[in-house]
Every structure is written in C-alpha cells, then in structure tokens.
file protein_28.cif (mmCIF, C-alpha atoms)
data_my_file
#
loop_
_atom_site.label_atom_id
_atom_site.label_comp_id
_atom_site.auth_asym_id
_atom_site.auth_seq_id
_atom_site.Cartn_x
_atom_site.Cartn_y
_atom_site.Cartn_z
CA MET A 1 20.57 0.82 -5.64
CA GLU A 2 22.10 -0.23 -2.37
CA GLN A 3 23.01 -3.91 -2.08
CA GLY A 4 22.44 -5.47 1.34
CA LYS A 5 20.13 -2.65 2.34
CA ILE A 6 17.82 -3.23 5.32
CA VAL A 7 14.67 -1.17 4.91
CA ASP A 8 13.87 1.18 7.78
CA GLY A 9 10.06 1.19 7.85
CA PHE A 10 10.06 4.24 10.15
CA ARG A 11 12.39 6.44 8.10
CA PHE A 12 9.72 8.81 6.85
CA LEU A 13 7.87 9.26 10.16
CA PRO A 14 8.49 12.35 12.30
CA PRO A 15 10.09 11.44 15.69
CA GLY A 16 6.92 11.71 17.82
CA LEU A 17 4.88 9.55 15.50
CA LYS A 18 7.72 7.06 15.20
CA ALA A 19 8.00 6.70 18.98
CA TRP A 20 4.24 6.35 19.33
CA VAL A 21 3.88 3.72 16.58
CA ARG A 22 6.84 1.76 17.97
CA SER A 23 5.16 1.68 21.38
CA PHE A 24 2.44 -0.68 20.13
CA ILE A 25 4.44 -2.84 17.72
CA PRO A 26 5.98 -5.80 19.55
CA GLU A 27 9.75 -6.27 19.31
CA ARG A 28 9.46 -10.00 18.68
CA ASP A 29 8.85 -11.53 15.26
CA PHE A 30 5.30 -12.37 14.26
CA ASN A 31 4.57 -16.01 15.05
CA GLY A 32 0.89 -16.32 14.16
CA TYR A 33 -0.77 -17.86 11.14
CA ILE A 34 0.51 -16.89 7.69
CA PRO A 35 -1.53 -18.04 4.69
CA TRP A 36 0.57 -19.63 1.94
CA THR A 37 -0.10 -20.66 -1.64
CA PRO A 38 3.00 -21.60 -3.62
CA LEU A 39 3.36 -19.94 -7.02
CA SER A 40 1.95 -22.53 -9.42
CA LYS A 41 3.90 -21.50 -12.54
CA PRO A 42 6.57 -19.06 -13.66
CA LEU A 43 5.86 -15.34 -13.53
CA HIS A 44 5.63 -15.06 -17.30
CA GLN A 45 2.66 -17.43 -17.29
CA ILE A 46 0.61 -16.16 -14.36
CA THR A 47 -2.46 -13.94 -14.21
CA LEU A 48 -1.66 -11.12 -11.83
CA ALA A 49 -4.03 -8.71 -10.10
CA ILE A 50 -3.01 -5.52 -8.36
CA VAL A 51 -4.64 -4.17 -5.23
CA THR A 52 -4.05 -1.03 -3.23
CA SER A 53 -5.22 0.29 0.11
CA ALA A 54 -4.87 3.93 -0.99
CA GLY A 55 -8.55 4.90 -1.29
CA ILE A 56 -8.56 5.25 -5.08
CA SER A 57 -12.01 5.39 -6.66
CA LEU A 58 -13.26 6.03 -10.18
CA LYS A 59 -14.72 9.49 -10.72
CA THR A 60 -17.91 7.69 -11.75
CA ASP A 61 -18.11 5.87 -8.39
CA PRO A 62 -18.92 7.27 -4.94
CA PRO A 63 -15.73 8.41 -3.15
CA PHE A 64 -14.56 6.74 0.07
CA ASN A 65 -16.27 8.28 3.10
CA MET A 66 -13.93 10.78 4.76
CA GLU A 67 -16.59 12.82 6.54
CA ARG A 68 -17.58 10.03 8.92
CA GLU A 69 -13.92 9.37 9.77
CA LYS A 70 -13.50 13.05 10.62
CA ARG A 71 -16.35 12.64 13.12
CA GLU A 72 -15.25 9.17 14.29
CA PRO A 73 -11.42 9.09 14.21
CA LEU A 74 -11.20 5.33 14.83
CA TRP A 75 -13.56 4.44 11.98
CA GLY A 76 -12.42 3.69 8.43
CA ASP A 77 -14.56 3.14 5.33
CA ARG A 78 -14.88 -0.63 4.80
CA SER A 79 -16.03 -0.54 1.17
CA PHE A 80 -13.95 -1.29 -1.93
CA ARG A 81 -13.86 -0.22 -5.57
CA ARG A 82 -13.15 -2.06 -8.80
CA ILE A 83 -10.61 -0.27 -10.98
CA PRO A 84 -10.58 -1.57 -14.57
CA LYS A 85 -7.41 -2.20 -16.53
CA GLY A 86 -6.62 0.89 -18.60
CA THR A 87 -7.66 3.35 -15.88
CA THR A 88 -5.40 6.41 -15.68
CA GLU A 89 -4.96 9.28 -13.23
CA ASN A 90 -7.48 11.23 -15.31
CA ASP A 91 -10.23 8.77 -14.38
CA ILE A 92 -9.75 8.65 -10.62
CA ASP A 93 -10.36 10.40 -7.36
CA VAL A 94 -8.23 9.61 -4.30
CA ASN A 95 -9.41 10.03 -0.72
CA HIS A 96 -7.15 9.21 2.18
CA LEU A 97 -6.74 11.22 5.39
CA HIS A 98 -3.34 9.73 6.33
CA ILE A 99 -1.26 10.54 3.24
CA ASN A 100 -0.88 13.32 0.72
CA THR A 101 -2.96 12.06 -2.20
CA LYS A 102 -1.67 14.63 -4.71
CA TRP A 103 1.09 12.37 -6.07
CA ILE A 104 -1.31 9.56 -6.99
CA LYS A 105 -3.57 12.08 -8.72
CA GLN A 106 -0.57 13.14 -10.82
CA ASP A 107 0.52 9.57 -11.69
CA ILE A 108 -1.61 6.58 -10.69
CA ASN A 109 1.42 4.31 -11.19
CA VAL A 110 3.18 5.53 -8.04
CA MET A 111 0.51 3.60 -6.12
CA LEU A 112 -1.51 1.40 -8.48
CA PRO A 113 0.85 0.59 -11.36
CA LEU A 114 -1.69 -0.23 -14.06
CA GLN A 115 0.31 1.20 -16.99
CA ARG A 116 3.55 -0.46 -15.86
CA MET A 117 1.85 -3.84 -15.46
CA ALA A 118 0.20 -3.47 -18.87
CA GLU A 119 3.71 -2.96 -20.28
CA PHE A 120 4.92 -6.08 -18.45
CA GLU A 121 2.01 -8.03 -19.92
CA LYS A 122 2.83 -6.83 -23.43
CA GLU A 123 6.51 -7.67 -22.96
CA GLY A 124 5.74 -11.15 -21.58
CA ILE A 125 7.21 -10.45 -18.13
CA ILE A 126 3.89 -11.50 -16.60
CA GLY A 127 1.41 -13.80 -18.34
CA ARG A 128 -1.64 -11.58 -18.03
CA LEU A 129 -2.81 -8.57 -16.07
CA ALA A 130 -6.26 -9.28 -14.63
CA PRO A 131 -9.06 -7.12 -16.11
CA THR A 132 -9.89 -5.74 -12.67
CA ALA A 133 -7.71 -4.11 -10.01
CA TYR A 134 -9.11 -3.31 -6.58
CA SER A 135 -8.83 -0.44 -4.17
CA PHE A 136 -9.91 -0.25 -0.57
CA TYR A 137 -9.26 2.11 2.31
CA GLY A 138 -6.33 0.95 4.40
CA PHE A 139 -7.38 2.40 7.71
CA GLN A 140 -8.80 -0.86 9.10
CA TRP A 141 -8.23 -2.30 12.52
CA GLU A 142 -8.55 -6.05 13.11
CA ASN A 143 -11.91 -6.13 11.52
CA THR A 144 -13.96 -9.17 10.53
CA ASP A 145 -16.68 -6.95 9.00
CA PHE A 146 -14.08 -5.65 6.53
CA LEU A 147 -13.08 -9.21 5.62
CA ARG A 148 -16.71 -10.06 4.91
CA GLU A 149 -17.71 -6.84 3.16
CA ALA A 150 -14.59 -6.20 1.06
CA ILE A 151 -12.03 -9.00 1.00
CA GLU A 152 -14.54 -11.79 0.38
CA PRO A 153 -16.16 -10.20 -2.71
CA ILE A 154 -12.72 -9.15 -3.97
CA SER A 155 -11.45 -12.73 -3.70
CA ILE A 156 -14.55 -14.05 -5.49
CA GLY A 157 -13.96 -11.53 -8.31
CA MET A 158 -10.34 -12.60 -8.56
CA LYS A 159 -11.28 -16.28 -8.82
CA GLU A 160 -13.73 -15.46 -11.61
CA GLU A 161 -10.93 -13.72 -13.52
CA GLY A 162 -8.45 -16.58 -12.99
CA VAL A 163 -6.08 -14.57 -10.79
CA GLU A 164 -3.07 -16.58 -9.60
CA ALA A 165 -1.00 -13.93 -7.82
CA VAL A 166 -1.64 -10.52 -6.28
CA LEU A 167 0.57 -7.52 -5.68
CA LEU A 168 -0.79 -5.36 -2.86
CA THR A 169 0.59 -1.85 -2.56
CA PRO A 170 -0.18 -0.39 0.86
CA ALA A 171 -0.58 3.35 1.21
CA MET B 1 -2.71 -13.12 10.36
CA GLY B 2 0.65 -12.56 8.69
CA ILE B 3 1.73 -11.49 5.20
CA PRO B 4 2.76 -14.38 2.90
CA ARG B 5 5.58 -12.53 1.09
CA THR B 6 6.87 -9.00 1.55
CA ALA B 7 8.91 -6.79 -0.76
CA ALA B 8 9.94 -4.01 1.63
CA ILE B 9 10.87 -0.64 0.16
CA GLU B 10 12.13 2.52 1.86
CA TYR B 11 10.00 4.96 -0.11
CA PRO B 12 7.61 7.56 1.32
CA TYR B 13 4.04 6.60 2.18
CA GLY B 14 1.70 6.91 -0.79
CA ARG B 15 4.41 6.34 -3.43
CA PRO B 16 5.70 2.79 -2.91
CA VAL B 17 6.34 2.24 -6.63
CA GLY B 18 8.39 5.39 -7.17
CA GLN B 19 8.38 8.98 -8.27
CA VAL B 20 5.74 10.68 -10.40
CA GLY B 21 6.50 10.21 -14.09
CA ASP B 22 9.57 8.04 -13.48
CA ARG B 23 8.63 5.13 -15.73
CA GLU B 24 12.04 3.47 -15.64
CA GLY B 25 12.36 3.75 -11.86
CA GLN B 26 8.86 2.36 -11.36
CA ARG B 27 9.64 -0.56 -13.67
CA LYS B 28 12.80 -1.43 -11.71
CA VAL B 29 10.92 -1.44 -8.41
CA LEU B 30 8.12 -3.59 -9.83
CA ARG B 31 10.51 -6.09 -11.44
CA GLU B 32 12.21 -6.54 -8.05
CA ALA B 33 8.88 -6.79 -6.21
CA LEU B 34 7.52 -9.38 -8.66
CA SER B 35 10.72 -11.42 -8.40
CA VAL B 36 9.83 -12.04 -4.75
CA LEU B 37 6.90 -14.18 -5.98
CA GLU B 38 9.42 -16.55 -7.55
CA LYS B 39 12.12 -16.32 -4.89
CA ALA B 40 10.13 -16.74 -1.68
CA ASP B 41 9.90 -20.36 -0.47
CA ASN B 42 8.43 -19.94 3.00
CA PRO B 43 5.51 -18.05 4.55
CA GLY B 44 6.46 -14.69 6.00
CA GLU B 45 9.68 -14.09 4.06
CA VAL B 46 10.68 -10.43 3.73
CA TYR B 47 12.89 -9.17 0.91
CA HIS B 48 14.44 -5.74 1.34
CA LEU B 49 14.54 -3.92 -1.99
CA PRO B 50 17.80 -2.07 -2.66
CA PHE B 51 16.36 1.31 -3.66
CA THR B 52 17.00 4.69 -2.04
CA TRP B 53 14.59 7.62 -2.29
CA PRO B 54 16.44 10.68 -3.60
CA GLU B 55 15.03 13.21 -1.09
CA GLU B 56 15.40 13.62 2.67
CA PRO B 57 12.28 12.43 4.56
CA LYS B 58 11.26 15.99 5.53
CA LYS B 59 11.24 17.05 1.89
CA THR B 60 9.05 14.24 0.59
CA ASP B 61 5.72 15.94 1.32
CA TRP B 62 3.97 12.64 1.99
CA GLN B 63 1.83 13.81 4.89
CA PRO B 64 -1.77 14.93 4.38
CA PRO B 65 -2.39 18.69 4.14
CA GLU B 66 -4.46 18.46 7.34
CA MET B 67 -3.54 16.42 10.44
CA SER B 68 -5.42 13.10 10.30
CA PRO B 69 -8.34 12.55 12.72
CA LEU B 70 -6.40 9.67 14.32
CA ILE B 71 -3.35 11.83 15.06
CA LYS B 72 -5.54 14.61 16.46
CA TYR B 73 -7.29 12.05 18.66
CA TYR B 74 -4.03 10.64 20.04
CA LEU B 75 -1.97 13.84 19.98
CA GLU B 76 -1.27 13.87 23.72
CA ASP B 77 -0.11 10.24 23.64
CA ILE B 78 2.13 11.02 20.68
CA LYS B 79 3.66 14.01 22.51
CA LYS B 80 4.30 11.81 25.57
CA ALA B 81 5.94 9.10 23.42
CA ARG B 82 8.15 11.81 21.88
CA GLN B 83 9.21 13.11 25.31
CA LYS B 84 10.15 9.61 26.46
CA VAL B 85 12.66 9.11 23.66
CA SER B 86 14.19 12.61 23.65
#
call {"tool": "encode", "arguments": {"input": "protein_28.cif", "output": "structure tokens"}}
result
Amino acid sequence: MEQGKIVDGFRFLPPGLKAWVRSFIPERDFNGYIPWTPLSKPLHQITLAIVTSAGISLKTDPPFNMEREKREPLWGDRSFRRIPKGTTENDIDVNHLHINTKWIKQDINVMLPLQRMAEFEKEGIIGRLAPTAYSFYGFQWENTDFLREAIEPISIGMKEEGVEAVLLTPA
Amino acid sequence: MGIPRTAAIEYPYGRPVGQVGDREGQRKVLREALSVLEKADNPGEVYHLPFTWPEEPKKTDWQPPEMSPLIKYYLEDIKKARQKVS
C-alpha cells in the first residue's frame, strides 16, 4: 500500500511501445461526453455485474476469433460471451493476442473476479452478484458496429437481471 | 465517450485484480475499486489505488508469447518512436 500514489499507466510497457502509444494519446484531459448514472443505493444493497475485455469464453462456447486478426491486424472480434456466476478457471478458454493469457487460465479471479464477488455477496458487502457476467474482446477501435452487436445486447441482459452497477476489468 | 468512474491500478496487463491465488490481495483491490462507486460524485473522476505490484515490470511476463499482429504491423513506427525518445 502506498498512500498518495499516482498510477503510472505506462509502467509495464517496454520503452518503444510506451513512446509509440504516448504519441497518439493527447496530453490534455478528455473533455467529451461522459455518461453518468448516480449510484441509487448503498453498495451493500446493489446488484452488481462484472464485465471484462479479456477474451474469456466458456469451453462450451466458440472461442474468440484470433485467426482473422492474425490476417487482418487492425480487426478485432466484435462478439461477446455470457459467463455464468460460479464459472471457474476450469470452465474457460482465454484468447487474446495482446496479453499473456496463462495467468487467467490459472486463476480466473485475476481478471474476472467471480469467486471474490460471490464472497462479497455472501458477506453482504454487495447486495447481489448478477447471475451473468460478460466477456468481450478489448481490441476495438471507435466502433459503432461493436456497440450494436455486443454492448447493446449486454445492456439489455443486464436490465433483465436488475443490474445497478458494473465493474469492468480491462485486459 | 469517457469513462464514468475509474479505479486506476498499477498492475500488469491481464491481472488487474492481483496475483494468481492471492485471495486476500484480490479482495483488498476489489474493496478499494468498489468503494469508488460510493465515493465518486462527478463524471470522469479517477481514483488511484494505493497498491504496488511486487515484481519489476520486466519480470511480470504479461506480454503474449508471440508478438501481436498490431505490433508487427506497426513495428517500424514503434522503432522510430523509440529512437525519438532515446
């Protein structure tokens, strides 16, 4: 624990990659539209869903498409997967060409913390963990097709399950 | 479009919640991240979580076993960006 710490978002990038990424991120603060819904009740009463962009899929589902991305380096799979509560690392496959996926395969909670959130639900730290978590593939550029094909059905599913807050863990 | 609330953490890519098998560490990170839901009053607020990864960046083994198609595609640009800052 380090009080007053300012997170360096580039710390884990090698120098070349860091310089390259910095070259297309503006120095100024973001001043565009930011959606906002105030939290309607205390944490211990809310229904929470978790979402990750790490390319996690169930072994019983088709994996995210890596082969096309290898042929088309600027393309990323726009589909999504439902991951039910209770899913463990034994039930999943992970496909992502930009990270080492081995850690998630060893412990799903490092990315999609289903067991930890189930504990929080049991202990009354959160009101309820939604029955469904979601996973998509985070290599998306500004992409309205992705919003329509993945985010819209995900948000409909969340409304059906009474979700009031979401924790997104980016890969 | 911006992000409503951010809990920033200085952990390697692919393991934002913590280390494999570290239940207590993962719980601490998640408690802090969830507290942002209650603390944040305004769109776009960023909270910097006070955790430090125990390994040096080079030892974290977060990168894919094979260079990603994107990096291969832009490799010359990345080399040029590297030269500019060195």
call {"tool": "residues_around", "arguments": {"input": "protein_28.cif", "residues": "range 160-164 of chain A", "least_positions_apart": "2", "cutoff": "7 Å", "atoms": "all atoms listed in the file", "output": "number ranges by chain"}}
result
A: 46-49, 130, 156-158
call {"tool": "residues_around", "arguments": {"input": "protein_28.cif", "residues": "Glu69 in chain A", "least_positions_apart": "4", "cutoff": "12 Å", "atoms": "all atoms listed in the file", "output": "CSV table (one decimal) with C-alpha atoms, in the frame of the given file"}}
result
chain,number,residue,atom,x,y,z
A,64,PHE,CA,-14.6,6.7,0.1
A,65,ASN,CA,-16.3,8.3,3.1
A,73,PRO,CA,-11.4,9.1,14.2
A,74,LEU,CA,-11.2,5.3,14.8
A,75,TRP,CA,-13.6,4.4,12.0
A,76,GLY,CA,-12.4,3.7,8.4
A,77,ASP,CA,-14.6,3.1,5.3
A,78,ARG,CA,-14.9,-0.6,4.8
A,95,ASN,CA,-9.4,10.0,-0.7
A,96,HIS,CA,-7.2,9.2,2.2
A,97,LEU,CA,-6.7,11.2,5.4
A,98,HIS,CA,-3.3,9.7,6.3
A,137,TYR,CA,-9.3,2.1,2.3
A,139,PHE,CA,-7.4,2.4,7.7
A,140,GLN,CA,-8.8,-0.9,9.1
B,68,SER,CA,-5.4,13.1,10.3
B,69,PRO,CA,-8.3,12.6,12.7
B,70,LEU,CA,-6.4,9.7,14.3
B,72,LYS,CA,-5.5,14.6,16.5
B,73,TYR,CA,-7.3,12.0,18.7
call {"tool": "resolve_selection", "arguments": {"input": "protein_28.cif", "expression": "the PyMOL selection byres ((chain B) within 8 of (chain A))", "output": "PyMOL selection string"}}
result
chain B and resi 1-4+8-21+23+26-27+34+37-38+41-44+48-52+57-58+61-70+73+77-79+81-83+85
call {"tool": "closest_residue", "arguments": {"input": "protein_28.cif", "among": "B:Glu56, B:Ala40, B:Asp22, B:Ser35", "to": "His44 in chain A", "atoms": "only C-alpha atoms"}}
result
B:Ser35
call {"tool": "atom_distance", "arguments": {"input": "protein_28.cif", "atom1": "CA of Glu123 in chain A", "atom2": "CA of Pro84 in chain A"}}
result
20.0 Å
call {"tool": "atom_distance", "arguments": {"input": "protein_28.cif", "atom1": "CA of Glu55 in chain B", "atom2": "CA of Glu32 in chain B"}}
result
21.1 Å
call {"tool": "atom_distance", "arguments": {"input": "protein_28.cif", "atom1": "CA of Ile83 in chain A", "atom2": "CA of Val46 in chain B"}}
result
27.8 Å
call {"tool": "resolve_selection", "arguments": {"input": "protein_28.cif", "expression": "the PyMOL selection byres ((chain A and resi 136) around 7)", "output": "list in words"}}
result
Thr52, Ser53, Ala54, Gly55, Ser79, Phe80, Arg81, Tyr134, Ser135, Tyr137 and Gly138 of chain A
call {"tool": "decode", "arguments": {"input": "protein_28.cif", "residues": "range 37-79 of chain A", "atoms": "N, CA and C atoms", "output": "tab-separated table (two decimals), in the first residue's frame"}}
result
chain	number	residue	atom	x	y	z
A	37	THR	N	-24.63	7.87	-14.31
A	37	THR	CA	-25.81	7.48	-13.53
A	37	THR	C	-25.37	7.42	-12.07
A	38	PRO	N	-25.95	8.26	-11.21
A	38	PRO	CA	-25.53	8.20	-9.81
A	38	PRO	C	-25.89	6.84	-9.21
A	39	LEU	N	-25.11	6.40	-8.24
A	39	LEU	CA	-25.41	5.15	-7.54
A	39	LEU	C	-26.71	5.36	-6.75
A	40	SER	N	-27.68	4.47	-6.97
A	40	SER	CA	-29.02	4.72	-6.44
A	40	SER	C	-29.16	4.30	-4.98
A	41	LYS	N	-28.29	3.43	-4.50
A	41	LYS	CA	-28.37	2.96	-3.11
A	41	LYS	C	-26.99	2.52	-2.64
A	42	PRO	N	-26.85	2.23	-1.37
A	42	PRO	CA	-25.52	1.82	-0.89
A	42	PRO	C	-25.05	0.51	-1.54
A	43	LEU	N	-23.75	0.36	-1.55
A	43	LEU	CA	-23.12	-0.82	-2.16
A	43	LEU	C	-23.72	-2.12	-1.65
A	44	HIS	N	-24.00	-2.19	-0.37
A	44	HIS	CA	-24.48	-3.45	0.20
A	44	HIS	C	-25.93	-3.77	-0.19
A	45	GLN	N	-26.52	-2.90	-1.02
A	45	GLN	CA	-27.88	-3.19	-1.50
A	45	GLN	C	-27.95	-3.34	-3.02
A	46	ILE	N	-26.86	-3.09	-3.70
A	46	ILE	CA	-26.95	-3.07	-5.17
A	46	ILE	C	-26.72	-4.45	-5.80
A	47	THR	N	-27.28	-4.61	-7.00
A	47	THR	CA	-26.97	-5.76	-7.85
A	47	THR	C	-25.83	-5.35	-8.78
A	48	LEU	N	-24.74	-6.09	-8.68
A	48	LEU	CA	-23.52	-5.75	-9.41
A	48	LEU	C	-23.24	-6.80	-10.48
A	49	ALA	N	-22.86	-6.34	-11.66
A	49	ALA	CA	-22.40	-7.27	-12.71
A	49	ALA	C	-20.93	-7.00	-12.98
A	50	ILE	N	-20.20	-8.03	-13.36
A	50	ILE	CA	-18.81	-7.81	-13.74
A	50	ILE	C	-18.62	-8.15	-15.22
A	51	VAL	N	-17.75	-7.37	-15.82
A	51	VAL	CA	-17.52	-7.45	-17.27
A	51	VAL	C	-16.02	-7.34	-17.50
A	52	THR	N	-15.52	-8.12	-18.44
A	52	THR	CA	-14.11	-7.99	-18.78
A	52	THR	C	-13.91	-7.96	-20.30
A	53	SER	N	-12.82	-7.32	-20.70
A	53	SER	CA	-12.50	-7.26	-22.13
A	53	SER	C	-11.39	-8.25	-22.48
A	54	ALA	N	-11.22	-9.29	-21.66
A	54	ALA	CA	-10.04	-10.16	-21.79
A	54	ALA	C	-10.21	-11.35	-22.73
A	55	GLY	N	-11.34	-11.45	-23.43
A	55	GLY	CA	-11.48	-12.57	-24.37
A	55	GLY	C	-11.68	-13.92	-23.70
A	56	ILE	N	-12.37	-13.91	-22.55
A	56	ILE	CA	-12.68	-15.17	-21.85
A	56	ILE	C	-13.94	-15.76	-22.47
A	57	SER	N	-13.89	-17.06	-22.76
A	57	SER	CA	-15.10	-17.75	-23.25
A	57	SER	C	-15.24	-19.06	-22.50
A	58	LEU	N	-16.45	-19.58	-22.45
A	58	LEU	CA	-16.66	-20.90	-21.86
A	58	LEU	C	-16.11	-21.95	-22.82
A	59	LYS	N	-15.63	-23.05	-22.28
A	59	LYS	CA	-15.13	-24.12	-23.15
A	59	LYS	C	-16.23	-24.66	-24.05
A	60	THR	N	-17.49	-24.50	-23.61
A	60	THR	CA	-18.62	-24.98	-24.39
A	60	THR	C	-19.05	-24.00	-25.48
A	61	ASP	N	-18.47	-22.80	-25.49
A	61	ASP	CA	-18.79	-21.78	-26.50
A	61	ASP	C	-17.67	-21.69	-27.54
A	62	PRO	N	-17.97	-21.11	-28.71
A	62	PRO	CA	-16.88	-20.89	-29.66
A	62	PRO	C	-15.87	-19.89	-29.08
A	63	PRO	N	-14.58	-20.10	-29.32
A	63	PRO	CA	-13.59	-19.13	-28.83
A	63	PRO	C	-13.65	-17.83	-29.64
A	64	PHE	N	-13.06	-16.77	-29.11
A	64	PHE	CA	-12.94	-15.53	-29.89
A	64	PHE	C	-12.01	-15.80	-31.08
A	65	ASN	N	-12.27	-15.09	-32.18
A	65	ASN	CA	-11.59	-15.38	-33.44
A	65	ASN	C	-10.21	-14.69	-33.51
A	66	MET	N	-9.17	-15.49	-33.31
A	66	MET	CA	-7.81	-14.95	-33.37
A	66	MET	C	-7.21	-15.07	-34.77
A	67	GLU	N	-7.69	-16.05	-35.52
A	67	GLU	CA	-7.10	-16.32	-36.83
A	67	GLU	C	-7.32	-15.15	-37.79
A	68	ARG	N	-8.53	-14.59	-37.75
A	68	ARG	CA	-8.79	-13.45	-38.65
A	68	ARG	C	-7.93	-12.25	-38.26
A	69	GLU	N	-7.76	-12.03	-36.95
A	69	GLU	CA	-6.93	-10.90	-36.52
A	69	GLU	C	-5.47	-11.09	-36.96
A	70	LYS	N	-5.02	-12.34	-36.99
A	70	LYS	CA	-3.65	-12.58	-37.46
A	70	LYS	C	-3.51	-12.20	-38.94
A	71	ARG	N	-4.60	-12.38	-39.69
A	71	ARG	CA	-4.58	-11.99	-41.11
A	71	ARG	C	-4.84	-10.51	-41.30
A	72	GLU	N	-5.68	-9.95	-40.40
A	72	GLU	CA	-6.07	-8.53	-40.50
A	72	GLU	C	-5.74	-7.85	-39.17
A	73	PRO	N	-4.52	-7.33	-39.03
A	73	PRO	CA	-4.05	-6.86	-37.72
A	73	PRO	C	-4.84	-5.72	-37.09
A	74	LEU	N	-5.68	-5.04	-37.87
A	74	LEU	CA	-6.46	-3.94	-37.30
A	74	LEU	C	-7.90	-4.36	-36.98
A	75	TRP	N	-8.18	-5.65	-37.15
A	75	TRP	CA	-9.52	-6.17	-36.88
A	75	TRP	C	-9.54	-6.88	-35.53
A	76	GLY	N	-10.62	-6.66	-34.76
A	76	GLY	CA	-10.80	-7.40	-33.51
A	76	GLY	C	-12.19	-7.99	-33.45
A	77	ASP	N	-12.29	-9.20	-32.93
A	77	ASP	CA	-13.58	-9.90	-32.83
A	77	ASP	C	-14.59	-9.05	-32.04
A	78	ARG	N	-15.76	-8.81	-32.64
A	78	ARG	CA	-16.74	-7.93	-32.02
A	78	ARG	C	-17.80	-8.67	-31.20
A	79	SER	N	-17.67	-9.99	-31.08
A	79	SER	CA	-18.71	-10.75	-30.37
A	79	SER	C	-18.49	-10.68	-28.86
